[in-house]
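Shown below: run.cif, with mmCIF, C-alpha atoms and all ligand atoms.
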```
data_entry
#
loop_
_atom_site.group_PDB
_atom_site.id
_atom_site.type_symbol
_atom_site.label_atom_id
_atom_site.label_comp_id
_atom_site.auth_asym_id
_atom_site.auth_seq_id
_atom_site.Cartn_x
_atom_site.Cartn_y
_atom_site.Cartn_z
ATOM 1 C CA MET J 760 -1.365 -12.081 -6.846
ATOM 2 C CA THR J 761 1.834 -10.324 -7.887
ATOM 3 C CA ALA J 762 2.756 -12.581 -10.768
ATOM 4 C CA ARG J 763 0.513 -10.826 -13.252
ATOM 5 C CA LEU J 764 2.223 -8.202 -15.322
ATOM 6 C CA GLY J 765 0.685 -4.821 -15.934
ATOM 7 C CA ALA J 766 -0.915 -2.270 -13.692
ATOM 8 C CA THR J 767 -4.236 -2.704 -11.913
ATOM 9 C CA ILE J 768 -7.188 -1.002 -13.598
ATOM 10 C CA ASP J 769 -9.378 0.744 -11.016
ATOM 11 C CA VAL J 770 -10.233 -1.639 -8.149
ATOM 12 C CA GLU J 771 -9.935 -5.424 -8.300
ATOM 13 C CA GLN J 772 -11.939 -7.142 -5.622
ATOM 14 C CA ASN J 773 -11.018 -10.521 -4.248
ATOM 15 C CA HIS J 774 -11.549 -12.517 -1.128
ATOM 16 C CA VAL J 775 -9.724 -15.137 0.847
ATOM 17 C CA ARG J 776 -11.447 -17.650 3.091
ATOM 18 C CA PHE J 777 -9.628 -18.789 6.181
ATOM 19 C CA LEU J 778 -10.226 -20.493 9.519
ATOM 20 C CA GLY J 779 -13.414 -22.030 8.158
ATOM 21 C CA ASP J 780 -15.871 -19.174 8.060
ATOM 22 C CA LEU J 781 -13.860 -15.950 8.045
ATOM 23 C CA ILE J 782 -13.656 -14.021 4.806
ATOM 24 C CA LEU J 783 -11.024 -11.417 4.147
ATOM 25 C CA ASN J 784 -12.137 -8.998 1.444
ATOM 26 C CA LEU J 785 -9.232 -7.637 -0.569
ATOM 27 C CA TRP J 786 -9.535 -4.486 -2.646
ATOM 28 C CA ASP J 787 -6.532 -3.968 -4.873
ATOM 29 C CA CYS J 788 -6.653 -0.310 -5.912
ATOM 30 C CA GLY J 789 -4.550 0.594 -8.953
ATOM 31 C CA GLY J 790 -2.100 3.422 -8.337
ATOM 32 C CA GLN J 791 -2.331 5.441 -11.548
ATOM 33 C CA ASP J 792 -3.230 9.109 -11.045
ATOM 34 C CA ALA J 793 -6.650 8.957 -12.700
ATOM 35 C CA PHE J 794 -7.674 6.113 -10.367
ATOM 36 C CA MET J 795 -6.198 7.760 -7.292
ATOM 37 C CA ASP J 796 -8.074 10.989 -8.063
ATOM 38 C CA SER J 797 -11.305 9.045 -8.358
ATOM 39 C CA TYR J 798 -10.801 7.119 -5.056
ATOM 40 C CA LEU J 799 -10.244 10.417 -3.305
ATOM 41 C CA THR J 800 -13.249 12.223 -4.770
ATOM 42 C CA THR J 801 -16.308 10.479 -6.250
ATOM 43 C CA GLN J 802 -15.480 7.017 -4.854
ATOM 44 C CA ARG J 803 -14.222 8.328 -1.511
ATOM 45 C CA SER J 804 -16.874 6.932 0.843
ATOM 46 C CA THR J 805 -16.980 3.608 -1.028
ATOM 47 C CA ILE J 806 -13.223 3.169 -0.911
ATOM 48 C CA PHE J 807 -12.606 4.245 2.675
ATOM 49 C CA GLN J 808 -15.627 2.820 4.454
ATOM 50 C CA HIS J 809 -15.320 -0.387 6.498
ATOM 51 C CA VAL J 810 -11.560 -0.619 6.055
ATOM 52 C CA GLY J 811 -9.853 -2.931 8.545
ATOM 53 C CA VAL J 812 -6.355 -2.590 7.135
ATOM 54 C CA MET J 813 -4.886 -0.270 4.554
ATOM 55 C CA ILE J 814 -1.759 -1.586 2.861
ATOM 56 C CA TYR J 815 -0.266 1.350 0.985
ATOM 57 C CA VAL J 816 2.364 0.538 -1.618
ATOM 58 C CA PHE J 817 5.095 3.064 -2.397
ATOM 59 C CA ASP J 818 7.262 2.669 -5.478
ATOM 60 C CA ILE J 819 10.881 3.124 -4.344
ATOM 61 C CA GLU J 820 11.820 4.265 -7.861
ATOM 62 C CA THR J 821 9.269 7.078 -8.011
ATOM 63 C CA ARG J 822 10.312 10.377 -9.484
ATOM 64 C CA GLU J 823 7.409 12.164 -7.883
ATOM 65 C CA MET J 824 7.742 11.516 -4.185
ATOM 66 C CA ASN J 825 6.012 14.778 -3.292
ATOM 67 C CA LYS J 826 2.965 13.836 -5.295
ATOM 68 C CA ASP J 827 3.023 10.298 -3.877
ATOM 69 C CA LEU J 828 3.089 11.754 -0.367
ATOM 70 C CA GLU J 829 0.204 14.079 -1.161
ATOM 71 C CA TYR J 830 -1.922 11.134 -2.300
ATOM 72 C CA TYR J 831 -0.865 9.161 0.747
ATOM 73 C CA ARG J 832 -1.808 11.942 3.147
ATOM 74 C CA ASP J 833 -5.160 12.332 1.422
ATOM 75 C CA CYS J 834 -5.778 8.580 1.838
ATOM 76 C CA LEU J 835 -4.903 8.836 5.530
ATOM 77 C CA GLU J 836 -7.452 11.625 5.767
ATOM 78 C CA GLY J 837 -10.042 9.420 4.018
ATOM 79 C CA LEU J 838 -9.355 6.676 6.556
ATOM 80 C CA ARG J 839 -9.580 9.129 9.434
ATOM 81 C CA GLN J 840 -13.015 10.195 8.159
ATOM 82 C CA PHE J 841 -14.505 6.815 7.341
ATOM 83 C CA SER J 842 -12.452 4.092 9.124
ATOM 84 C CA PRO J 843 -10.501 5.699 11.958
ATOM 85 C CA GLU J 844 -9.751 2.311 13.555
ATOM 86 C CA ALA J 845 -8.010 0.890 10.480
ATOM 87 C CA ALA J 846 -4.435 -0.356 10.800
ATOM 88 C CA VAL J 847 -1.950 1.066 8.307
ATOM 89 C CA PHE J 848 0.832 -0.952 6.689
ATOM 90 C CA LEU J 849 3.280 0.658 4.299
ATOM 91 C CA LEU J 850 5.205 -1.305 1.706
ATOM 92 C CA VAL J 851 8.326 0.293 0.317
ATOM 93 C CA HIS J 852 8.076 -1.723 -2.861
ATOM 94 C CA LYS J 853 10.400 -2.687 -5.760
ATOM 95 C CA MET J 854 13.401 -2.880 -3.426
ATOM 96 C CA ASP J 855 15.101 -5.048 -6.068
ATOM 97 C CA LEU J 856 15.701 -1.875 -8.118
ATOM 98 C CA VAL J 857 17.749 -0.174 -5.378
ATOM 99 C CA ARG J 858 21.458 0.088 -6.181
ATOM 100 C CA GLU J 859 22.825 1.688 -3.033
ATOM 101 C CA PRO J 860 22.792 -0.414 0.168
ATOM 102 C CA LYS J 861 19.160 -1.419 0.639
ATOM 103 C CA SER J 862 19.127 -0.945 4.397
ATOM 104 C CA ILE J 863 20.244 2.686 4.125
ATOM 105 C CA MET J 864 17.663 3.436 1.450
ATOM 106 C CA PHE J 865 14.937 1.714 3.478
ATOM 107 C CA GLU J 866 15.770 3.615 6.661
ATOM 108 C CA ARG J 867 15.682 6.893 4.762
ATOM 109 C CA LYS J 868 12.252 6.106 3.296
ATOM 110 C CA LYS J 869 11.042 4.899 6.668
ATOM 111 C CA LYS J 870 11.847 8.240 8.302
ATOM 112 C CA GLU J 871 10.213 10.155 5.474
ATOM 113 C CA LEU J 872 7.044 8.047 5.593
ATOM 114 C CA GLN J 873 6.767 8.098 9.373
ATOM 115 C CA GLN J 874 6.999 11.854 9.225
ATOM 116 C CA ALA J 875 4.305 12.015 6.536
ATOM 117 C CA SER J 876 2.062 9.810 8.703
ATOM 118 C CA GLY J 877 1.979 12.316 11.547
ATOM 119 C CA ASP J 878 0.393 10.753 14.623
ATOM 120 C CA VAL J 879 -0.932 7.706 12.716
ATOM 121 C CA GLY J 880 0.970 4.587 13.779
ATOM 122 C CA VAL J 881 2.287 2.750 10.723
ATOM 123 C CA THR J 882 4.159 -0.502 10.158
ATOM 124 C CA LEU J 883 6.678 -0.532 7.304
ATOM 125 C CA PHE J 884 8.180 -3.292 5.199
ATOM 126 C CA GLY J 885 10.641 -3.305 2.323
ATOM 127 C CA THR J 886 9.279 -5.584 -0.415
ATOM 128 C CA SER J 887 9.842 -6.897 -3.932
ATOM 129 C CA ILE J 888 8.085 -9.454 -6.100
ATOM 130 C CA TYR J 889 11.512 -10.953 -6.831
ATOM 131 C CA ASP J 890 12.143 -12.362 -3.375
ATOM 132 C CA GLU J 891 10.230 -13.783 -0.406
ATOM 133 C CA SER J 892 9.462 -10.430 1.208
ATOM 134 C CA LEU J 893 5.788 -10.208 0.235
ATOM 135 C CA TYR J 894 5.102 -13.717 1.504
ATOM 136 C CA LYS J 895 6.809 -12.891 4.779
ATOM 137 C CA VAL J 896 4.606 -9.828 5.236
ATOM 138 C CA TRP J 897 1.525 -11.843 4.340
ATOM 139 C CA ARG J 898 2.383 -14.572 6.879
ATOM 140 C CA LEU J 899 3.177 -11.989 9.552
ATOM 141 C CA TYR J 900 -0.136 -10.283 9.018
ATOM 142 C CA MET J 901 -2.241 -13.450 8.811
ATOM 143 C CA LEU J 902 -0.792 -15.037 11.967
HETATM 144 N N1 LIG I 1 11.135 -4.276 -10.413
HETATM 145 C C1 LIG I 1 9.931 -4.510 -9.867
HETATM 146 N N2 LIG I 1 8.802 -4.305 -10.589
HETATM 147 C C2 LIG I 1 7.603 -4.542 -10.017
HETATM 148 C C3 LIG I 1 7.512 -5.012 -8.665
HETATM 149 N N3 LIG I 1 6.189 -5.149 -8.367
HETATM 150 C C4 LIG I 1 5.492 -4.787 -9.466
HETATM 151 N N4 LIG I 1 6.332 -4.441 -10.467
HETATM 152 C C5 LIG I 1 5.949 -3.991 -11.827
HETATM 153 O O1 LIG I 1 5.303 -2.728 -11.783
HETATM 154 C C6 LIG I 1 4.390 -2.595 -12.852
HETATM 155 C C7 LIG I 1 3.163 -1.839 -12.384
HETATM 156 O O2 LIG I 1 2.305 -2.670 -11.664
HETATM 157 P P1 LIG I 1 1.721 -2.279 -10.249
HETATM 158 O O3 LIG I 1 2.804 -1.857 -9.338
HETATM 159 O O4 LIG I 1 0.861 -3.420 -9.841
HETATM 160 O O5 LIG I 1 0.841 -0.992 -10.579
HETATM 161 P P2 LIG I 1 -0.562 -0.635 -9.945
HETATM 162 O O6 LIG I 1 -1.443 -1.802 -10.157
HETATM 163 O O7 LIG I 1 -0.989 0.581 -10.672
HETATM 164 O O8 LIG I 1 -0.326 -0.381 -8.487
HETATM 165 C C8 LIG I 1 4.122 -4.012 -13.370
HETATM 166 O O9 LIG I 1 4.626 -4.109 -14.666
HETATM 167 C C9 LIG I 1 4.895 -4.926 -12.429
HETATM 168 O O10 LIG I 1 5.494 -6.000 -13.084
HETATM 169 C C10 LIG I 1 8.740 -5.229 -7.933
HETATM 170 O O11 LIG I 1 8.786 -5.636 -6.765
HETATM 171 N N5 LIG I 1 9.912 -4.957 -8.585
HETATM 172 MG MG MG I 2 -1.529 -3.603 -9.174
#
```

What do you get writing this file as structure tokens?
Amino acid sequence: MTARLGATIDVEQNHVRFLGDLILNLWDCGGQDAFMDSYLTTQRSTIFQHVGVMIYVFDIETREMNKDLEYYRDCLEGLRQFSPEAAVFLLVHKMDLVREPKSIMFERKKKELQQASGDVGVTLFGTSIYDESLYKVWRLYML
């Protein structure tokens, strides 16, 4: 899933079958601004309806954290409108690029993101495609 290079164009839909007859529908929504704007406006009800879990990926290297947070808060609002029961997982992603001690950086981001989430309970993970972290999150979630 993460091995492909290049950014996701619009929404890629996939599904995983497990435990015999359960199907997990996965919608991978590309993070570029034009796509984000579309999810939040014309595609809003399509994107945010029937969501069981939102996994929101933050780029640790972003230069536009304020804009990222604005998008994030708008997505939370979309969930509140259309899928208020959805669980929210946050990935602080591309941790491999962090130079300073990773735990300090992660804790700082964690505080910032918890604050941005207001009264929505969120679960955070530090991840990178260059280690086992994504698989650990996946196993945690699936079990
Ligand atoms: N250094 C680093 N690069 C990553 C990581 N995950 C994805 N990328 C790169 O980020 C680029 C953008 O892809 P992606 O994050 O999927 O963009 P999106 O599809 O728009 O959300 C790709 O070229 C990936 O190879 C990571 O954990 N670390
Ligand atoms: Mg992608």

Could you give me, as a Markdown table, a per-residue list for chain J showing, wherever an atom lies at most 8 Å from an atom of ligand LIG 1 (chain I), the closest pair of atoms and their distance in Å to one decimal, using all atoms listed in the file and sorting by chain then residue number from low to high?
```
| residue | atom | partner | partner_atom | distance |
| --- | --- | --- | --- | --- |
| J:Thr761 | CA | I:LIG1 | N3 | 6.8 |
| J:Ala762 | CA | I:LIG1 | O10 | 7.5 |
| J:Arg763 | CA | I:LIG1 | O10 | 6.9 |
| J:Leu764 | CA | I:LIG1 | O10 | 4.5 |
| J:Gly765 | CA | I:LIG1 | O9 | 4.2 |
| J:Ala766 | CA | I:LIG1 | O6 | 3.6 |
| J:Thr767 | CA | I:LIG1 | O6 | 3.4 |
| J:Ile768 | CA | I:LIG1 | O6 | 6.7 |
| J:Asp787 | CA | I:LIG1 | O6 | 7.6 |
| J:Cys788 | CA | I:LIG1 | O8 | 6.8 |
| J:Gly789 | CA | I:LIG1 | O7 | 4.0 |
| J:Gly790 | CA | I:LIG1 | O7 | 3.8 |
| J:Gln791 | CA | I:LIG1 | O7 | 5.1 |
| J:Val816 | CA | I:LIG1 | O8 | 7.4 |
| J:Asp818 | CA | I:LIG1 | O3 | 7.4 |
| J:His852 | CA | I:LIG1 | O11 | 5.6 |
| J:Lys853 | CA | I:LIG1 | O11 | 3.5 |
| J:Met854 | CA | I:LIG1 | O11 | 6.3 |
| J:Asp855 | CA | I:LIG1 | N5 | 5.8 |
| J:Leu856 | CA | I:LIG1 | N1 | 5.6 |
| J:Thr886 | CA | I:LIG1 | O11 | 6.4 |
| J:Ser887 | CA | I:LIG1 | O11 | 3.3 |
| J:Ile888 | CA | I:LIG1 | O11 | 3.9 |
| J:Tyr889 | CA | I:LIG1 | O11 | 6.0 |
```

Go through J:Ile806, J:Glu866, J:Tyr815, J:Leu783 one by one, measure the shortest atom-to-atom distance of each to ligand MG 2 (chain I) using all atoms listed in the file, and give the residue with the smallest value.
-> J:Tyr815

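Each of J:Asp769, J:Asp878, J:Asp792, J:Glu823 was compared to ligand MG 2 (chain I) using only C-alpha atoms and all ligand atoms, and J:Asp769 turns out to be the nearest.
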
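Between atom CA of J:Ile819 and atom CA of J:Asp890 lies a distance of 15.6 Å.
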
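The interatomic distance for the pair atom CA of J:Val881 and atom CA of J:Met795 works out to 20.5 Å.
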
Could you model all heavy atoms for stretch 823-834 of chain J and present them as a PDB file, keeping the file's coordinate frame?
```
ATOM      1  N   GLU J 823       8.340  11.140  -8.347  1.00  0.00           N
ATOM      2  CA  GLU J 823       7.409  12.164  -7.883  1.00  0.00           C
ATOM      3  C   GLU J 823       7.020  11.908  -6.435  1.00  0.00           C
ATOM      4  O   GLU J 823       5.846  11.760  -6.119  1.00  0.00           O
ATOM      5  CB  GLU J 823       6.159  12.170  -8.757  1.00  0.00           C
ATOM      6  CG  GLU J 823       6.458  12.417 -10.221  1.00  0.00           C
ATOM      7  CD  GLU J 823       5.199  12.392 -11.066  1.00  0.00           C
ATOM      8  OE1 GLU J 823       4.625  11.301 -11.226  1.00  0.00           O
ATOM      9  OE2 GLU J 823       4.790  13.467 -11.523  1.00  0.00           O
ATOM     10  N   MET J 824       8.019  11.852  -5.573  1.00  0.00           N
ATOM     11  CA  MET J 824       7.742  11.516  -4.185  1.00  0.00           C
ATOM     12  C   MET J 824       6.790  12.516  -3.528  1.00  0.00           C
ATOM     13  O   MET J 824       5.956  12.134  -2.719  1.00  0.00           O
ATOM     14  CB  MET J 824       9.058  11.421  -3.396  1.00  0.00           C
ATOM     15  CG  MET J 824       8.904  10.761  -2.024  1.00  0.00           C
ATOM     16  SD  MET J 824       8.166   9.089  -2.157  1.00  0.00           S
ATOM     17  CE  MET J 824       7.961   8.683  -0.413  1.00  0.00           C
ATOM     18  N   ASN J 825       6.914  13.793  -3.909  1.00  0.00           N
ATOM     19  CA  ASN J 825       6.012  14.778  -3.292  1.00  0.00           C
ATOM     20  C   ASN J 825       4.562  14.504  -3.637  1.00  0.00           C
ATOM     21  O   ASN J 825       3.690  14.574  -2.771  1.00  0.00           O
ATOM     22  CB  ASN J 825       6.393  16.201  -3.719  1.00  0.00           C
ATOM     23  CG  ASN J 825       7.654  16.651  -3.018  1.00  0.00           C
ATOM     24  OD1 ASN J 825       7.994  16.133  -1.953  1.00  0.00           O
ATOM     25  ND2 ASN J 825       8.367  17.586  -3.619  1.00  0.00           N
ATOM     26  N   LYS J 826       4.340  14.164  -4.892  1.00  0.00           N
ATOM     27  CA  LYS J 826       2.965  13.836  -5.295  1.00  0.00           C
ATOM     28  C   LYS J 826       2.494  12.553  -4.606  1.00  0.00           C
ATOM     29  O   LYS J 826       1.365  12.469  -4.130  1.00  0.00           O
ATOM     30  CB  LYS J 826       2.875  13.679  -6.816  1.00  0.00           C
ATOM     31  CG  LYS J 826       1.439  13.611  -7.293  1.00  0.00           C
ATOM     32  CD  LYS J 826       1.338  13.680  -8.795  1.00  0.00           C
ATOM     33  CE  LYS J 826       1.619  12.315  -9.381  1.00  0.00           C
ATOM     34  NZ  LYS J 826       1.553  12.316 -10.850  1.00  0.00           N
ATOM     35  N   ASP J 827       3.380  11.551  -4.553  1.00  0.00           N
ATOM     36  CA  ASP J 827       3.023  10.298  -3.877  1.00  0.00           C
ATOM     37  C   ASP J 827       2.618  10.569  -2.431  1.00  0.00           C
ATOM     38  O   ASP J 827       1.657   9.991  -1.927  1.00  0.00           O
ATOM     39  CB  ASP J 827       4.208   9.322  -3.884  1.00  0.00           C
ATOM     40  CG  ASP J 827       4.549   8.842  -5.291  1.00  0.00           C
ATOM     41  OD1 ASP J 827       3.863   9.248  -6.249  1.00  0.00           O
ATOM     42  OD2 ASP J 827       5.515   8.062  -5.415  1.00  0.00           O
ATOM     43  N   LEU J 828       3.378  11.449  -1.773  1.00  0.00           N
ATOM     44  CA  LEU J 828       3.089  11.754  -0.367  1.00  0.00           C
ATOM     45  C   LEU J 828       1.777  12.509  -0.215  1.00  0.00           C
ATOM     46  O   LEU J 828       1.044  12.310   0.754  1.00  0.00           O
ATOM     47  CB  LEU J 828       4.238  12.562   0.255  1.00  0.00           C
ATOM     48  CG  LEU J 828       5.511  11.773   0.523  1.00  0.00           C
ATOM     49  CD1 LEU J 828       6.602  12.698   1.056  1.00  0.00           C
ATOM     50  CD2 LEU J 828       5.262  10.613   1.495  1.00  0.00           C
ATOM     51  N   GLU J 829       1.479  13.357  -1.198  1.00  0.00           N
ATOM     52  CA  GLU J 829       0.204  14.079  -1.161  1.00  0.00           C
ATOM     53  C   GLU J 829      -0.962  13.103  -1.242  1.00  0.00           C
ATOM     54  O   GLU J 829      -1.922  13.194  -0.481  1.00  0.00           O
ATOM     55  CB  GLU J 829       0.131  15.042  -2.345  1.00  0.00           C
ATOM     56  CG  GLU J 829       0.076  16.505  -1.948  1.00  0.00           C
ATOM     57  CD  GLU J 829       0.140  17.394  -3.176  1.00  0.00           C
ATOM     58  OE1 GLU J 829      -0.859  17.434  -3.919  1.00  0.00           O
ATOM     59  OE2 GLU J 829       1.213  18.005  -3.389  1.00  0.00           O
ATOM     60  N   TYR J 830      -0.884  12.167  -2.179  1.00  0.00           N
ATOM     61  CA  TYR J 830      -1.922  11.134  -2.300  1.00  0.00           C
ATOM     62  C   TYR J 830      -2.032  10.334  -1.001  1.00  0.00           C
ATOM     63  O   TYR J 830      -3.117  10.050  -0.508  1.00  0.00           O
ATOM     64  CB  TYR J 830      -1.601  10.176  -3.446  1.00  0.00           C
ATOM     65  CG  TYR J 830      -2.049  10.647  -4.816  1.00  0.00           C
ATOM     66  CD1 TYR J 830      -1.210  10.511  -5.913  1.00  0.00           C
ATOM     67  CD2 TYR J 830      -3.321  11.192  -5.013  1.00  0.00           C
ATOM     68  CE1 TYR J 830      -1.621  10.919  -7.182  1.00  0.00           C
ATOM     69  CE2 TYR J 830      -3.735  11.598  -6.275  1.00  0.00           C
ATOM     70  CZ  TYR J 830      -2.883  11.463  -7.352  1.00  0.00           C
ATOM     71  OH  TYR J 830      -3.284  11.855  -8.601  1.00  0.00           O
ATOM     72  N   TYR J 831      -0.879   9.968  -0.480  1.00  0.00           N
ATOM     73  CA  TYR J 831      -0.865   9.161   0.747  1.00  0.00           C
ATOM     74  C   TYR J 831      -1.556   9.899   1.891  1.00  0.00           C
ATOM     75  O   TYR J 831      -2.402   9.342   2.594  1.00  0.00           O
ATOM     76  CB  TYR J 831       0.576   8.798   1.108  1.00  0.00           C
ATOM     77  CG  TYR J 831       0.718   8.169   2.481  1.00  0.00           C
ATOM     78  CD1 TYR J 831       0.039   7.000   2.786  1.00  0.00           C
ATOM     79  CD2 TYR J 831       1.524   8.752   3.455  1.00  0.00           C
ATOM     80  CE1 TYR J 831       0.152   6.424   4.050  1.00  0.00           C
ATOM     81  CE2 TYR J 831       1.651   8.173   4.708  1.00  0.00           C
ATOM     82  CZ  TYR J 831       0.959   7.018   4.995  1.00  0.00           C
ATOM     83  OH  TYR J 831       1.069   6.457   6.239  1.00  0.00           O
ATOM     84  N   ARG J 832      -1.203  11.170   2.056  1.00  0.00           N
ATOM     85  CA  ARG J 832      -1.808  11.942   3.147  1.00  0.00           C
ATOM     86  C   ARG J 832      -3.308  12.101   2.950  1.00  0.00           C
ATOM     87  O   ARG J 832      -4.078  12.063   3.918  1.00  0.00           O
ATOM     88  CB  ARG J 832      -1.127  13.308   3.285  1.00  0.00           C
ATOM     89  CG  ARG J 832       0.180  13.215   4.087  1.00  0.00           C
ATOM     90  CD  ARG J 832       0.737  14.588   4.404  1.00  0.00           C
ATOM     91  NE  ARG J 832       1.277  15.206   3.206  1.00  0.00           N
ATOM     92  CZ  ARG J 832       2.584  15.369   2.979  1.00  0.00           C
ATOM     93  NH1 ARG J 832       3.470  14.974   3.871  1.00  0.00           N
ATOM     94  NH2 ARG J 832       3.000  15.935   1.872  1.00  0.00           N
ATOM     95  N   ASP J 833      -3.731  12.228   1.698  1.00  0.00           N
ATOM     96  CA  ASP J 833      -5.160  12.332   1.422  1.00  0.00           C
ATOM     97  C   ASP J 833      -5.866  11.007   1.753  1.00  0.00           C
ATOM     98  O   ASP J 833      -6.993  10.998   2.266  1.00  0.00           O
ATOM     99  CB  ASP J 833      -5.387  12.727  -0.045  1.00  0.00           C
ATOM    100  CG  ASP J 833      -6.738  13.393  -0.264  1.00  0.00           C
ATOM    101  OD1 ASP J 833      -7.584  13.365   0.651  1.00  0.00           O
ATOM    102  OD2 ASP J 833      -6.962  13.938  -1.357  1.00  0.00           O
ATOM    103  N   CYS J 834      -5.212   9.890   1.487  1.00  0.00           N
ATOM    104  CA  CYS J 834      -5.778   8.580   1.838  1.00  0.00           C
ATOM    105  C   CYS J 834      -5.870   8.426   3.353  1.00  0.00           C
ATOM    106  O   CYS J 834      -6.860   7.904   3.883  1.00  0.00           O
ATOM    107  CB  CYS J 834      -4.943   7.449   1.252  1.00  0.00           C
ATOM    108  SG  CYS J 834      -5.132   7.288  -0.537  1.00  0.00           S
TER     109      CYS J 834
END
```
